[in-house]
>>> print(open('entry-v5.cif').read())   # mmCIF, C-alpha atoms (C1' of nucleotides)
data_start
#
loop_
_atom_site.label_atom_id
_atom_site.label_comp_id
_atom_site.auth_asym_id
_atom_site.auth_seq_id
_atom_site.Cartn_x
_atom_site.Cartn_y
_atom_site.Cartn_z
CA MET A 641 201.71 -74.37 -118.22
CA ALA A 642 204.99 -72.61 -118.12
CA THR A 643 204.55 -69.87 -120.63
CA GLN A 644 207.71 -68.45 -122.01
CA PRO A 645 208.48 -64.82 -121.37
CA PRO A 646 206.67 -63.21 -124.28
CA SER A 647 208.97 -60.24 -124.75
CA ALA A 648 212.35 -61.82 -124.14
CA GLU A 649 212.24 -63.63 -127.39
CA THR A 650 215.61 -65.02 -128.18
CA ASP A 651 216.60 -64.93 -131.78
CA ASP A 652 216.77 -68.68 -131.91
CA ASP A 653 215.53 -69.54 -135.32
CA THR A 654 212.13 -70.94 -134.67
CA GLU A 655 212.47 -72.75 -137.93
CA VAL A 656 215.12 -74.89 -136.38
CA LYS A 657 212.43 -76.42 -134.28
CA GLN A 658 214.28 -79.66 -133.98
CA ARG A 659 211.75 -82.21 -134.94
CA ASN A 660 214.42 -84.84 -134.73
CA ALA A 661 213.14 -88.09 -133.43
CA ASP A 662 215.43 -88.00 -130.46
CA VAL A 663 214.60 -84.55 -129.31
CA CYS A 664 211.02 -84.10 -130.29
CA ASN A 665 208.40 -83.56 -127.63
CA VAL A 666 205.83 -85.53 -129.48
CA VAL A 667 207.96 -88.61 -129.45
CA GLY A 668 208.81 -88.01 -125.84
CA ALA A 669 205.18 -87.61 -124.94
CA ILE A 670 204.27 -90.71 -126.86
CA GLU A 671 206.89 -92.66 -125.02
CA GLU A 672 205.67 -91.22 -121.77
CA MET A 673 202.11 -92.43 -122.17
CA GLY A 674 203.01 -94.99 -124.73
CA ALA A 675 200.72 -97.83 -124.14
CA LYS A 676 197.22 -97.64 -125.46
CA TRP A 677 195.86 -98.77 -122.13
CA LYS A 678 197.31 -95.79 -120.39
CA LEU A 679 195.58 -93.44 -122.74
CA ILE A 680 192.32 -95.29 -122.46
CA VAL A 681 192.39 -95.26 -118.69
CA LEU A 682 193.42 -91.62 -118.51
CA ASN A 683 190.69 -90.67 -120.87
CA ASP A 684 188.22 -92.59 -118.79
CA LEU A 685 189.22 -90.72 -115.70
CA ARG A 686 188.37 -87.39 -117.27
CA ASP A 687 184.83 -88.12 -116.16
CA GLY A 688 186.04 -87.88 -112.60
CA GLU A 689 186.83 -90.24 -109.81
CA LYS A 690 186.36 -93.90 -110.57
CA ARG A 691 187.03 -97.08 -108.72
CA PHE A 692 188.86 -100.14 -109.78
CA ASN A 693 186.07 -102.35 -111.03
CA GLU A 694 184.41 -99.39 -112.59
CA LEU A 695 187.49 -98.78 -114.67
CA LYS A 696 187.73 -102.45 -115.36
CA ARG A 697 184.28 -102.46 -116.85
CA SER A 698 184.53 -99.22 -118.74
CA THR A 699 187.92 -99.87 -120.23
CA GLY A 700 187.59 -103.59 -120.77
CA ALA A 701 191.04 -104.23 -119.35
CA SER A 702 191.73 -107.31 -117.31
CA SER A 703 192.35 -106.75 -113.62
CA TYR A 704 195.93 -107.73 -114.11
CA THR A 705 196.51 -105.25 -116.89
CA LEU A 706 194.49 -102.53 -115.25
CA SER A 707 196.38 -102.94 -112.03
CA ARG A 708 199.70 -102.56 -113.72
CA VAL A 709 198.57 -99.60 -115.78
CA LEU A 710 197.26 -97.86 -112.69
CA ASP A 711 200.52 -98.47 -110.89
CA ASP A 712 202.41 -96.98 -113.76
CA LEU A 713 200.19 -93.97 -114.03
CA GLU A 714 200.38 -93.34 -110.34
CA GLU A 715 204.13 -93.56 -110.39
CA GLN A 716 204.15 -91.09 -113.24
CA ARG A 717 201.94 -88.83 -111.16
CA PHE A 718 199.20 -88.84 -113.74
CA ILE A 719 196.68 -90.21 -111.29
CA GLU A 720 196.11 -90.47 -107.56
CA ASN A 721 194.70 -93.23 -105.47
CA ARG A 722 192.45 -92.94 -102.45
CA LYS A 723 191.41 -95.95 -100.43
CA GLU A 724 188.61 -96.58 -98.03
CA PHE A 725 189.17 -99.52 -95.76
CA GLU A 726 185.59 -99.97 -94.69
CA SER A 727 183.31 -102.93 -95.06
CA PRO A 728 184.20 -103.81 -98.61
CA VAL A 729 187.44 -102.13 -99.52
CA ALA A 730 187.03 -99.30 -101.97
CA SER A 731 189.73 -97.76 -104.11
CA TYR A 732 189.22 -94.54 -106.01
CA TYR A 733 191.33 -93.12 -108.76
CA THR A 734 191.44 -89.58 -110.01
CA LEU A 735 193.55 -87.51 -112.35
CA THR A 736 196.21 -85.40 -110.74
CA GLU A 737 196.83 -81.90 -111.94
CA LYS A 738 199.43 -83.30 -114.27
CA GLY A 739 196.94 -85.82 -115.53
CA GLY A 740 194.43 -83.08 -116.07
CA THR A 741 196.79 -81.23 -118.35
CA LEU A 742 196.34 -84.00 -120.84
CA CYS A 743 192.78 -82.90 -121.45
CA PRO A 744 193.66 -80.71 -124.43
CA VAL A 745 195.29 -83.71 -126.00
CA PHE A 746 192.24 -85.86 -125.49
CA ASP A 747 190.00 -83.06 -126.67
CA ALA A 748 191.98 -82.85 -129.87
CA ILE A 749 191.78 -86.57 -130.34
CA ASP A 750 188.10 -86.53 -129.53
CA GLU A 751 187.45 -83.83 -132.07
CA TRP A 752 189.40 -85.66 -134.69
CA GLY A 753 187.48 -88.82 -133.97
CA GLU A 754 184.21 -87.04 -134.45
CA ASP A 755 185.19 -86.04 -137.92
CA TRP A 756 186.95 -89.15 -139.10
CA LEU A 757 185.64 -92.11 -137.22
CA GLU A 758 182.80 -94.42 -138.17
CA MET B 760 194.83 -104.44 -136.62
CA ALA B 761 195.45 -103.41 -140.15
CA THR B 762 196.74 -106.81 -141.02
CA GLN B 763 193.99 -109.22 -140.37
CA PRO B 764 195.09 -112.77 -140.00
CA PRO B 765 192.44 -115.15 -141.22
CA SER B 766 190.85 -115.94 -137.91
CA ALA B 767 187.99 -118.33 -138.23
CA GLU B 768 186.89 -117.29 -134.78
CA THR B 769 183.61 -115.50 -134.51
CA ASP B 770 184.09 -111.99 -133.28
CA ASP B 771 182.52 -112.30 -129.92
CA ASP B 772 184.61 -109.48 -128.62
CA THR B 773 182.91 -106.99 -130.86
CA GLU B 774 180.68 -106.35 -127.93
CA VAL B 775 183.54 -105.16 -125.85
CA LYS B 776 184.96 -102.97 -128.55
CA GLN B 777 181.59 -101.47 -129.15
CA ARG B 778 181.25 -100.61 -125.52
CA ASN B 779 184.57 -98.89 -125.61
CA ALA B 780 183.70 -97.01 -128.72
CA ASP B 781 180.49 -95.87 -127.19
CA VAL B 782 182.25 -94.27 -124.28
CA CYS B 783 184.06 -91.83 -126.48
CA ASN B 784 185.68 -91.79 -129.84
CA VAL B 785 188.96 -91.12 -128.17
CA VAL B 786 189.29 -94.84 -127.79
CA GLY B 787 188.35 -95.30 -131.41
CA ALA B 788 190.96 -92.83 -132.48
CA ILE B 789 193.56 -94.51 -130.31
CA GLU B 790 192.74 -97.83 -131.87
CA GLU B 791 192.93 -96.26 -135.29
CA MET B 792 196.46 -94.99 -134.90
CA GLY B 793 197.30 -97.31 -132.06
CA ALA B 794 200.88 -98.19 -132.51
CA LYS B 795 203.49 -95.77 -131.37
CA TRP B 796 205.35 -96.08 -134.64
CA LYS B 797 202.40 -94.85 -136.57
CA LEU B 798 202.23 -91.73 -134.50
CA ILE B 799 205.93 -91.16 -134.73
CA VAL B 800 205.94 -91.53 -138.49
CA LEU B 801 202.88 -89.35 -138.95
CA ASN B 802 204.38 -86.70 -136.77
CA ASP B 803 207.55 -86.85 -138.78
CA LEU B 804 205.67 -86.30 -141.98
CA ARG B 805 204.27 -83.03 -140.73
CA ASP B 806 207.49 -81.48 -141.94
CA GLY B 807 206.46 -82.39 -145.44
CA GLU B 808 207.35 -84.98 -147.98
CA LYS B 809 209.97 -87.47 -146.94
CA ARG B 810 211.44 -90.53 -148.49
CA PHE B 811 211.92 -93.96 -147.11
CA ASN B 812 215.45 -93.81 -145.81
CA GLU B 813 214.89 -90.34 -144.56
CA LEU B 814 212.06 -91.60 -142.41
CA LYS B 815 214.15 -94.52 -141.41
CA ARG B 816 216.81 -92.24 -140.09
CA SER B 817 214.56 -89.70 -138.45
CA THR B 818 212.28 -92.19 -136.77
CA GLY B 819 214.85 -94.81 -135.96
CA ALA B 820 212.61 -97.59 -137.15
CA SER B 821 214.03 -100.60 -138.88
CA SER B 822 213.26 -100.87 -142.56
CA TYR B 823 211.09 -103.84 -141.86
CA THR B 824 209.02 -102.06 -139.27
CA LEU B 825 208.92 -98.83 -141.21
CA SER B 826 207.76 -100.61 -144.30
CA ARG B 827 204.88 -102.24 -142.54
CA VAL B 828 203.90 -99.05 -140.78
CA LEU B 829 203.90 -97.15 -144.05
CA ASP B 830 201.77 -99.82 -145.67
CA ASP B 831 199.31 -99.58 -142.85
CA LEU B 832 199.16 -95.83 -142.92
CA GLU B 833 198.67 -95.79 -146.65
CA GLU B 834 195.88 -98.29 -146.41
CA GLN B 835 194.27 -96.11 -143.79
CA ARG B 836 194.65 -93.17 -146.15
CA PHE B 837 196.74 -91.23 -143.69
CA ILE B 838 199.61 -90.96 -146.10
CA GLU B 839 200.29 -91.13 -149.81
CA ASN B 840 203.14 -92.61 -151.72
CA ARG B 841 204.77 -91.26 -154.85
CA LYS B 842 207.47 -93.14 -156.67
CA GLU B 843 210.09 -92.13 -159.13
CA PHE B 844 211.52 -94.96 -161.12
CA GLU B 845 214.60 -93.18 -162.31
CA SER B 846 218.21 -94.04 -161.82
CA PRO B 847 218.03 -94.91 -158.18
CA VAL B 848 214.44 -95.54 -157.23
CA ALA B 849 212.95 -92.87 -155.04
CA SER B 850 209.85 -93.16 -152.92
CA TYR B 851 208.22 -90.17 -151.32
CA TYR B 852 205.65 -90.12 -148.59
CA THR B 853 203.33 -87.31 -147.64
CA LEU B 854 200.35 -86.80 -145.41
CA THR B 855 197.00 -86.95 -147.09
CA GLU B 856 194.32 -84.50 -146.17
CA LYS B 857 193.11 -86.98 -143.64
CA GLY B 858 196.60 -87.29 -142.26
CA GLY B 859 196.88 -83.55 -142.08
CA THR B 860 193.84 -83.33 -139.88
CA LEU B 861 195.84 -84.99 -137.17
CA CYS B 862 197.97 -81.90 -136.79
CA PRO B 863 195.86 -80.43 -133.98
CA VAL B 864 196.38 -83.64 -132.11
CA PHE B 865 200.11 -83.49 -132.53
CA ASP B 866 200.12 -79.84 -131.66
CA ALA B 867 198.34 -80.61 -128.43
CA ILE B 868 200.77 -83.37 -127.65
CA ASP B 869 203.68 -81.17 -128.55
CA GLU B 870 202.47 -78.41 -126.31
CA TRP B 871 201.96 -80.80 -123.46
CA GLY B 872 205.43 -82.19 -123.95
CA GLU B 873 206.91 -78.73 -123.75
CA ASP B 874 205.39 -78.21 -120.36
CA TRP B 875 205.86 -81.61 -118.81
CA LEU B 876 208.81 -83.25 -120.41
CA GLU B 877 211.96 -82.74 -118.38
"C1'" DC C 201 186.13 -105.42 -103.66
"C1'" DG C 202 190.67 -104.76 -105.19
"C1'" DG C 203 194.19 -106.57 -106.29
"C1'" DC C 204 198.74 -109.91 -106.90
"C1'" DA C 205 200.92 -114.40 -108.63
"C1'" DT C 206 201.30 -117.55 -112.25
"C1'" DC C 207 200.99 -119.51 -116.69
"C1'" DC C 208 200.72 -118.93 -121.48
"C1'" DT C 209 199.84 -116.91 -126.04
"C1'" DT C 210 200.51 -113.35 -129.31
"C1'" DG C 211 202.61 -110.06 -132.09
"C1'" DG C 212 205.64 -106.04 -132.12
"C1'" DA C 213 209.90 -105.13 -133.50
"C1'" DG C 214 215.22 -105.58 -134.02
"C1'" DA C 215 219.02 -107.83 -136.73
"C1'" DT C 216 220.50 -109.57 -140.76
"C1'" DA C 217 220.65 -110.81 -145.44
"C1'" DC C 218 218.88 -110.60 -150.10
"C1'" DT C 219 216.57 -108.48 -154.55
"C1'" DG C 220 214.97 -105.16 -158.31
"C1'" DC D 1076 217.42 -96.74 -152.77
"C1'" DA D 1077 213.50 -99.07 -151.28
"C1'" DG D 1078 211.94 -102.48 -149.80
"C1'" DT D 1079 211.08 -108.11 -148.71
"C1'" DA D 1080 212.18 -112.45 -146.29
"C1'" DT D 1081 213.41 -114.91 -142.11
"C1'" DC D 1082 214.63 -115.78 -137.60
"C1'" DT D 1083 214.39 -114.53 -133.16
"C1'" DC D 1084 213.41 -112.33 -128.77
"C1'" DC D 1085 210.73 -110.10 -125.41
"C1'" DA D 1086 207.03 -107.47 -123.41
"C1'" DA D 1087 202.02 -106.84 -123.50
"C1'" DG D 1088 198.29 -108.69 -122.05
"C1'" DG D 1089 194.37 -112.40 -121.41
"C1'" DA D 1090 192.78 -116.24 -118.25
"C1'" DT D 1091 192.62 -118.16 -114.00
"C1'" DG D 1092 193.11 -118.70 -109.14
"C1'" DC D 1093 193.88 -116.97 -104.54
"C1'" DC D 1094 193.73 -113.78 -100.76
"C1'" DG D 1095 192.99 -109.73 -97.23
#
>>> encode(input="entry-v5.cif", output="structure tokens")
Amino acid sequence: MATQPPSAETDDDTEVKQRNADVCNVVGAIEEMGAKWKLIVLNDLRDGEKRFNELKRSTGASSYTLSRVLDDLEEQRFIENRKEFESPVASYYTLTEKGGTLCPVFDAIDEWGEDWLE
Amino acid sequence: MATQPPSAETDDDTEVKQRNADVCNVVGAIEEMGAKWKLIVLNDLRDGEKRFNELKRSTGASSYTLSRVLDDLEEQRFIENRKEFESPVASYYTLTEKGGTLCPVFDAIDEWGEDWLE
DNA sequence: CGGCATCCTTGGAGATACTG
DNA sequence: CAGTATCTCCAAGGATGCCG
């Protein structure tokens, strides 16, 4: 995480934190992961490496949907794919470092869910 | 999900949803807020009370969409509505306590966005 | 096993116009 | 100002089938 130089604090009014829809990080981030399937898959991969059908079962996504989501996520560098071309083909997916940085987000969501779900 | 069309179908897919929910309540939370517009509106309301057209401008949602999202969020007790029936009608929306508990989530997203968004 | 191609259904959401 | 009522369009996503 690129931490800002702590001492060189510009006098930019922190109050003008520009929460405008166009500029806001939250909106940007939401657009970036957007789809619910992406979040579900990413969250699933926090457990570690998983293969295609494993994700298919755990997420409940159809192979078509899952395939497209995985493509997207890989293109966004959230996940990485490793293939083994042995007897039955095996395809493993893991979070990249970038993907891993989403953990705090999921943790926050998780915590919230514990308090307010069910 | 908030609007439930009268489906006479038996909910056979409850099994799937349950499996997802079992994995982690992250999925549950995602389903709960699901739509991107909900998140955008909720995030916007962190600034404090806002009125309809204000939200319309800041979020960029159409009045139709915004209206439905607000209805949903109110039904879910994420937000509250206060009306003033004076000269020109005024309608104010604020986060409830429940809505406020989402702040850590948005903070996490915000922080992530700062690091990884362009 | 891990997908891609195809068809098809659904609803999310914009545009527009109207009301209290 | 704060919505509601329609109409419409398009992408998300399920189901199915095929293939290396």
>>> resolve_selection(input="entry-v5.cif", expression="the PyMOL selection byres ((chain B) within 8 of (chain D))", output="mmCIF file with C-alpha atoms, keeping the file's coordinate frame")
data_model
loop_
_atom_site.group_PDB
_atom_site.id
_atom_site.type_symbol
_atom_site.label_atom_id
_atom_site.label_comp_id
_atom_site.auth_asym_id
_atom_site.auth_seq_id
_atom_site.Cartn_x
_atom_site.Cartn_y
_atom_site.Cartn_z
ATOM 1 C CA PHE B 811 211.920 -93.960 -147.110
ATOM 2 C CA ASN B 812 215.450 -93.810 -145.810
ATOM 3 C CA SER B 822 213.260 -100.870 -142.560
ATOM 4 C CA SER B 826 207.760 -100.610 -144.300
ATOM 5 C CA PRO B 847 218.030 -94.910 -158.180
ATOM 6 C CA VAL B 848 214.440 -95.540 -157.230
ATOM 7 C CA ALA B 849 212.950 -92.870 -155.040
ATOM 8 C CA SER B 850 209.850 -93.160 -152.920
#
>>> resolve_selection(input="entry-v5.cif", expression="the PyMOL selection byres ((chain B) within 6 of (chain A))", output="list of chain:residue names")
B:Asn784, B:Val785, B:Ala788, B:Ser817, B:Thr818, B:Val864, B:Ala867, B:Ile868, B:Asp869, B:Gly872, B:Asp874
>>> atom_distance(input="entry-v5.cif", atom1="atom CA of B:Ser846", atom2="atom CA of B:Lys815")
20.8 Å
>>> resolve_selection(input="entry-v5.cif", expression="the PyMOL selection byres ((chain C) within 12 of (chain A))", output="PyMOL selection string")
chain C and resi 201-206
>>> atom_distance(input="entry-v5.cif", atom1="atom CA of A:Arg686", atom2="atom CA of A:Glu714")
15.1 Å
>>> atom_distance(input="entry-v5.cif", atom1="atom CA of A:Arg708", atom2="atom CA of A:Lys678")
9.8 Å
>>> axis_aligned_box(input="entry-v5.cif", around="stretch 663-674 of chain A", padding_each_side="5 Å", output="JSON")
{"center_x": 208.4, "center_y": -89.3, "center_z": -126.0, "size_x": 22.5, "size_y": 21.4, "size_z": 18.5}
>>> decode(input="entry-v5.cif", residues="chain D", atoms="N, CA, C and O atoms (P, O5', C5', C4', C3', O3' and C1' of nucleotides)", output="PDB file, in the first residue's frame")
ATOM      1  P    DC D1076     -35.776  21.752  -7.313  1.00  0.00           P
ATOM      2  O5'  DC D1076     -37.091  21.299  -6.539  1.00  0.00           O
ATOM      3  C5'  DC D1076     -37.073  21.517  -5.140  1.00  0.00           C
ATOM      4  C4'  DC D1076     -37.816  20.394  -4.453  1.00  0.00           C
ATOM      5  C3'  DC D1076     -37.173  19.024  -4.600  1.00  0.00           C
ATOM      6  O3'  DC D1076     -37.182  18.398  -3.313  1.00  0.00           O
ATOM      7  C1'  DC D1076     -39.398  18.955  -5.448  1.00  0.00           C
ATOM      8  P    DA D1077     -36.397  17.038  -3.036  1.00  0.00           P
ATOM      9  O5'  DA D1077     -37.495  15.904  -3.304  1.00  0.00           O
ATOM     10  C5'  DA D1077     -38.663  15.892  -2.501  1.00  0.00           C
ATOM     11  C4'  DA D1077     -39.635  14.873  -2.998  1.00  0.00           C
ATOM     12  C3'  DA D1077     -39.021  13.484  -3.279  1.00  0.00           C
ATOM     13  O3'  DA D1077     -39.910  12.496  -2.783  1.00  0.00           O
ATOM     14  C1'  DA D1077     -40.159  14.226  -5.171  1.00  0.00           C
ATOM     15  P    DG D1078     -39.289  11.027  -2.454  1.00  0.00           P
ATOM     16  O5'  DG D1078     -38.853  10.497  -3.890  1.00  0.00           O
ATOM     17  C5'  DG D1078     -39.530   9.373  -4.408  1.00  0.00           C
ATOM     18  C4'  DG D1078     -40.805   9.795  -5.125  1.00  0.00           C
ATOM     19  C3'  DG D1078     -41.403   8.715  -5.996  1.00  0.00           C
ATOM     20  O3'  DG D1078     -42.420   8.044  -5.295  1.00  0.00           O
ATOM     21  C1'  DG D1078     -41.528  10.903  -6.991  1.00  0.00           C
ATOM     22  P    DT D1079     -42.692   6.557  -5.688  1.00  0.00           P
ATOM     23  O5'  DT D1079     -43.597   6.698  -7.004  1.00  0.00           O
ATOM     24  C5'  DT D1079     -44.927   7.224  -6.893  1.00  0.00           C
ATOM     25  C4'  DT D1079     -45.590   7.187  -8.261  1.00  0.00           C
ATOM     26  C3'  DT D1079     -45.596   5.802  -8.915  1.00  0.00           C
ATOM     27  O3'  DT D1079     -46.894   5.609  -9.449  1.00  0.00           O
ATOM     28  C1'  DT D1079     -44.647   7.379 -10.380  1.00  0.00           C
ATOM     29  P    DA D1080     -47.326   4.158  -9.974  1.00  0.00           P
ATOM     30  O5'  DA D1080     -47.356   4.384 -11.555  1.00  0.00           O
ATOM     31  C5'  DA D1080     -47.770   5.634 -12.099  1.00  0.00           C
ATOM     32  C4'  DA D1080     -47.760   5.558 -13.618  1.00  0.00           C
ATOM     33  C3'  DA D1080     -47.722   4.142 -14.188  1.00  0.00           C
ATOM     34  O3'  DA D1080     -48.458   4.121 -15.415  1.00  0.00           O
ATOM     35  C1'  DA D1080     -45.800   5.310 -14.883  1.00  0.00           C
ATOM     36  P    DT D1081     -49.158   2.732 -15.822  1.00  0.00           P
ATOM     37  O5'  DT D1081     -48.429   2.430 -17.204  1.00  0.00           O
ATOM     38  C5'  DT D1081     -47.002   2.604 -17.298  1.00  0.00           C
ATOM     39  C4'  DT D1081     -46.636   3.055 -18.695  1.00  0.00           C
ATOM     40  C3'  DT D1081     -46.231   1.902 -19.605  1.00  0.00           C
ATOM     41  O3'  DT D1081     -46.610   2.186 -20.939  1.00  0.00           O
ATOM     42  C1'  DT D1081     -44.378   3.324 -19.250  1.00  0.00           C
ATOM     43  P    DC D1082     -46.671   0.929 -21.960  1.00  0.00           P
ATOM     44  O5'  DC D1082     -45.639   1.338 -23.105  1.00  0.00           O
ATOM     45  C5'  DC D1082     -45.024   2.633 -23.102  1.00  0.00           C
ATOM     46  C4'  DC D1082     -43.650   2.551 -23.739  1.00  0.00           C
ATOM     47  C3'  DC D1082     -43.298   1.206 -24.378  1.00  0.00           C
ATOM     48  O3'  DC D1082     -42.772   1.419 -25.680  1.00  0.00           O
ATOM     49  C1'  DC D1082     -41.629   1.828 -22.821  1.00  0.00           C
ATOM     50  P    DT D1083     -42.351   0.175 -26.581  1.00  0.00           P
ATOM     51  O5'  DT D1083     -40.774   0.195 -26.453  1.00  0.00           O
ATOM     52  C5'  DT D1083     -40.075   1.439 -26.364  1.00  0.00           C
ATOM     53  C4'  DT D1083     -38.640   1.185 -25.942  1.00  0.00           C
ATOM     54  C3'  DT D1083     -38.062  -0.091 -26.530  1.00  0.00           C
ATOM     55  O3'  DT D1083     -36.967   0.220 -27.380  1.00  0.00           O
ATOM     56  C1'  DT D1083     -37.571   0.108 -24.199  1.00  0.00           C
ATOM     57  P    DC D1084     -36.308  -0.963 -28.246  1.00  0.00           P
ATOM     58  O5'  DC D1084     -34.811  -0.955 -27.692  1.00  0.00           O
ATOM     59  C5'  DC D1084     -34.315   0.211 -27.036  1.00  0.00           C
ATOM     60  C4'  DC D1084     -33.094  -0.144 -26.194  1.00  0.00           C
ATOM     61  C3'  DC D1084     -32.299  -1.315 -26.750  1.00  0.00           C
ATOM     62  O3'  DC D1084     -30.920  -0.995 -26.710  1.00  0.00           O
ATOM     63  C1'  DC D1084     -32.937  -1.771 -24.516  1.00  0.00           C
ATOM     64  P    DC D1085     -29.892  -1.934 -27.529  1.00  0.00           P
ATOM     65  O5'  DC D1085     -28.991  -2.547 -26.370  1.00  0.00           O
ATOM     66  C5'  DC D1085     -28.566  -1.710 -25.300  1.00  0.00           C
ATOM     67  C4'  DC D1085     -28.164  -2.576 -24.109  1.00  0.00           C
ATOM     68  C3'  DC D1085     -27.288  -3.760 -24.500  1.00  0.00           C
ATOM     69  O3'  DC D1085     -26.201  -3.836 -23.598  1.00  0.00           O
ATOM     70  C1'  DC D1085     -29.146  -4.498 -23.238  1.00  0.00           C
ATOM     71  P    DA D1086     -24.899  -4.611 -24.089  1.00  0.00           P
ATOM     72  O5'  DA D1086     -24.408  -5.220 -22.706  1.00  0.00           O
ATOM     73  C5'  DA D1086     -24.475  -4.420 -21.528  1.00  0.00           C
ATOM     74  C4'  DA D1086     -24.801  -5.291 -20.332  1.00  0.00           C
ATOM     75  C3'  DA D1086     -23.886  -6.512 -20.188  1.00  0.00           C
ATOM     76  O3'  DA D1086     -23.670  -6.757 -18.809  1.00  0.00           O
ATOM     77  C1'  DA D1086     -26.124  -7.219 -20.405  1.00  0.00           C
ATOM     78  P    DA D1087     -22.524  -7.696 -18.342  1.00  0.00           P
ATOM     79  O5'  DA D1087     -23.307  -8.588 -17.280  1.00  0.00           O
ATOM     80  C5'  DA D1087     -24.245  -7.958 -16.411  1.00  0.00           C
ATOM     81  C4'  DA D1087     -25.103  -9.023 -15.769  1.00  0.00           C
ATOM     82  C3'  DA D1087     -24.323 -10.276 -15.397  1.00  0.00           C
ATOM     83  O3'  DA D1087     -24.783 -10.738 -14.139  1.00  0.00           O
ATOM     84  C1'  DA D1087     -26.077 -10.838 -16.878  1.00  0.00           C
ATOM     85  P    DG D1088     -23.921 -11.830 -13.358  1.00  0.00           P
ATOM     86  O5'  DG D1088     -24.700 -13.162 -13.675  1.00  0.00           O
ATOM     87  C5'  DG D1088     -26.110 -13.194 -13.523  1.00  0.00           C
ATOM     88  C4'  DG D1088     -26.694 -14.343 -14.304  1.00  0.00           C
ATOM     89  C3'  DG D1088     -25.874 -15.652 -14.242  1.00  0.00           C
ATOM     90  O3'  DG D1088     -26.756 -16.696 -13.907  1.00  0.00           O
ATOM     91  C1'  DG D1088     -26.532 -15.197 -16.414  1.00  0.00           C
ATOM     92  P    DG D1089     -26.202 -17.927 -12.979  1.00  0.00           P
ATOM     93  O5'  DG D1089     -27.185 -19.105 -13.414  1.00  0.00           O
ATOM     94  C5'  DG D1089     -28.589 -18.950 -13.217  1.00  0.00           C
ATOM     95  C4'  DG D1089     -29.343 -19.738 -14.264  1.00  0.00           C
ATOM     96  C3'  DG D1089     -28.906 -21.197 -14.404  1.00  0.00           C
ATOM     97  O3'  DG D1089     -30.055 -22.045 -14.375  1.00  0.00           O
ATOM     98  C1'  DG D1089     -28.851 -20.105 -16.527  1.00  0.00           C
ATOM     99  P    DA D1090     -29.826 -23.627 -14.258  1.00  0.00           P
ATOM    100  O5'  DA D1090     -29.973 -24.085 -15.783  1.00  0.00           O
ATOM    101  C5'  DA D1090     -30.975 -23.494 -16.609  1.00  0.00           C
ATOM    102  C4'  DA D1090     -31.072 -24.279 -17.914  1.00  0.00           C
ATOM    103  C3'  DA D1090     -30.506 -25.694 -17.845  1.00  0.00           C
ATOM    104  O3'  DA D1090     -31.333 -26.574 -18.600  1.00  0.00           O
ATOM    105  C1'  DA D1090     -29.296 -24.419 -19.448  1.00  0.00           C
ATOM    106  P    DT D1091     -30.998 -28.154 -18.572  1.00  0.00           P
ATOM    107  O5'  DT D1091     -30.278 -28.348 -19.983  1.00  0.00           O
ATOM    108  C5'  DT D1091     -30.751 -27.633 -21.120  1.00  0.00           C
ATOM    109  C4'  DT D1091     -29.763 -27.772 -22.260  1.00  0.00           C
ATOM    110  C3'  DT D1091     -29.036 -29.120 -22.330  1.00  0.00           C
ATOM    111  O3'  DT D1091     -29.316 -29.743 -23.576  1.00  0.00           O
ATOM    112  C1'  DT D1091     -27.543 -27.308 -22.662  1.00  0.00           C
ATOM    113  P    DG D1092     -28.823 -31.261 -23.837  1.00  0.00           P
ATOM    114  O5'  DG D1092     -27.664 -31.016 -24.899  1.00  0.00           O
ATOM    115  C5'  DG D1092     -27.805 -29.998 -25.881  1.00  0.00           C
ATOM    116  C4'  DG D1092     -26.494 -29.813 -26.635  1.00  0.00           C
ATOM    117  C3'  DG D1092     -25.655 -31.088 -26.774  1.00  0.00           C
ATOM    118  O3'  DG D1092     -25.121 -31.165 -28.093  1.00  0.00           O
ATOM    119  C1'  DG D1092     -24.361 -29.397 -25.770  1.00  0.00           C
ATOM    120  P    DC D1093     -24.279 -32.446 -28.569  1.00  0.00           P
ATOM    121  O5'  DC D1093     -22.813 -31.845 -28.714  1.00  0.00           O
ATOM    122  C5'  DC D1093     -22.592 -30.719 -29.579  1.00  0.00           C
ATOM    123  C4'  DC D1093     -21.148 -30.240 -29.450  1.00  0.00           C
ATOM    124  C3'  DC D1093     -20.107 -31.358 -29.592  1.00  0.00           C
ATOM    125  O3'  DC D1093     -19.041 -30.910 -30.415  1.00  0.00           O
ATOM    126  C1'  DC D1093     -19.785 -30.200 -27.564  1.00  0.00           C
ATOM    127  P    DC D1094     -18.052 -31.983 -31.089  1.00  0.00           P
ATOM    128  O5'  DC D1094     -16.650 -31.233 -31.039  1.00  0.00           O
ATOM    129  C5'  DC D1094     -16.522 -29.921 -30.481  1.00  0.00           C
ATOM    130  C4'  DC D1094     -15.284 -29.842 -29.600  1.00  0.00           C
ATOM    131  C3'  DC D1094     -14.325 -31.032 -29.753  1.00  0.00           C
ATOM    132  O3'  DC D1094     -12.995 -30.556 -29.755  1.00  0.00           O
ATOM    133  C1'  DC D1094     -14.871 -30.730 -27.495  1.00  0.00           C
ATOM    134  P    DG D1095     -11.848 -31.301 -30.571  1.00  0.00           P
ATOM    135  O5'  DG D1095     -10.514 -31.034 -29.735  1.00  0.00           O
ATOM    136  C5'  DG D1095     -10.066 -29.714 -29.420  1.00  0.00           C
ATOM    137  C4'  DG D1095      -9.165 -29.748 -28.184  1.00  0.00           C
ATOM    138  C3'  DG D1095      -8.108 -30.845 -28.238  1.00  0.00           C
ATOM    139  O3'  DG D1095      -6.936 -30.393 -27.560  1.00  0.00           O
ATOM    140  C1'  DG D1095      -9.574 -31.255 -26.420  1.00  0.00           C
TER     141       DG D1095
END
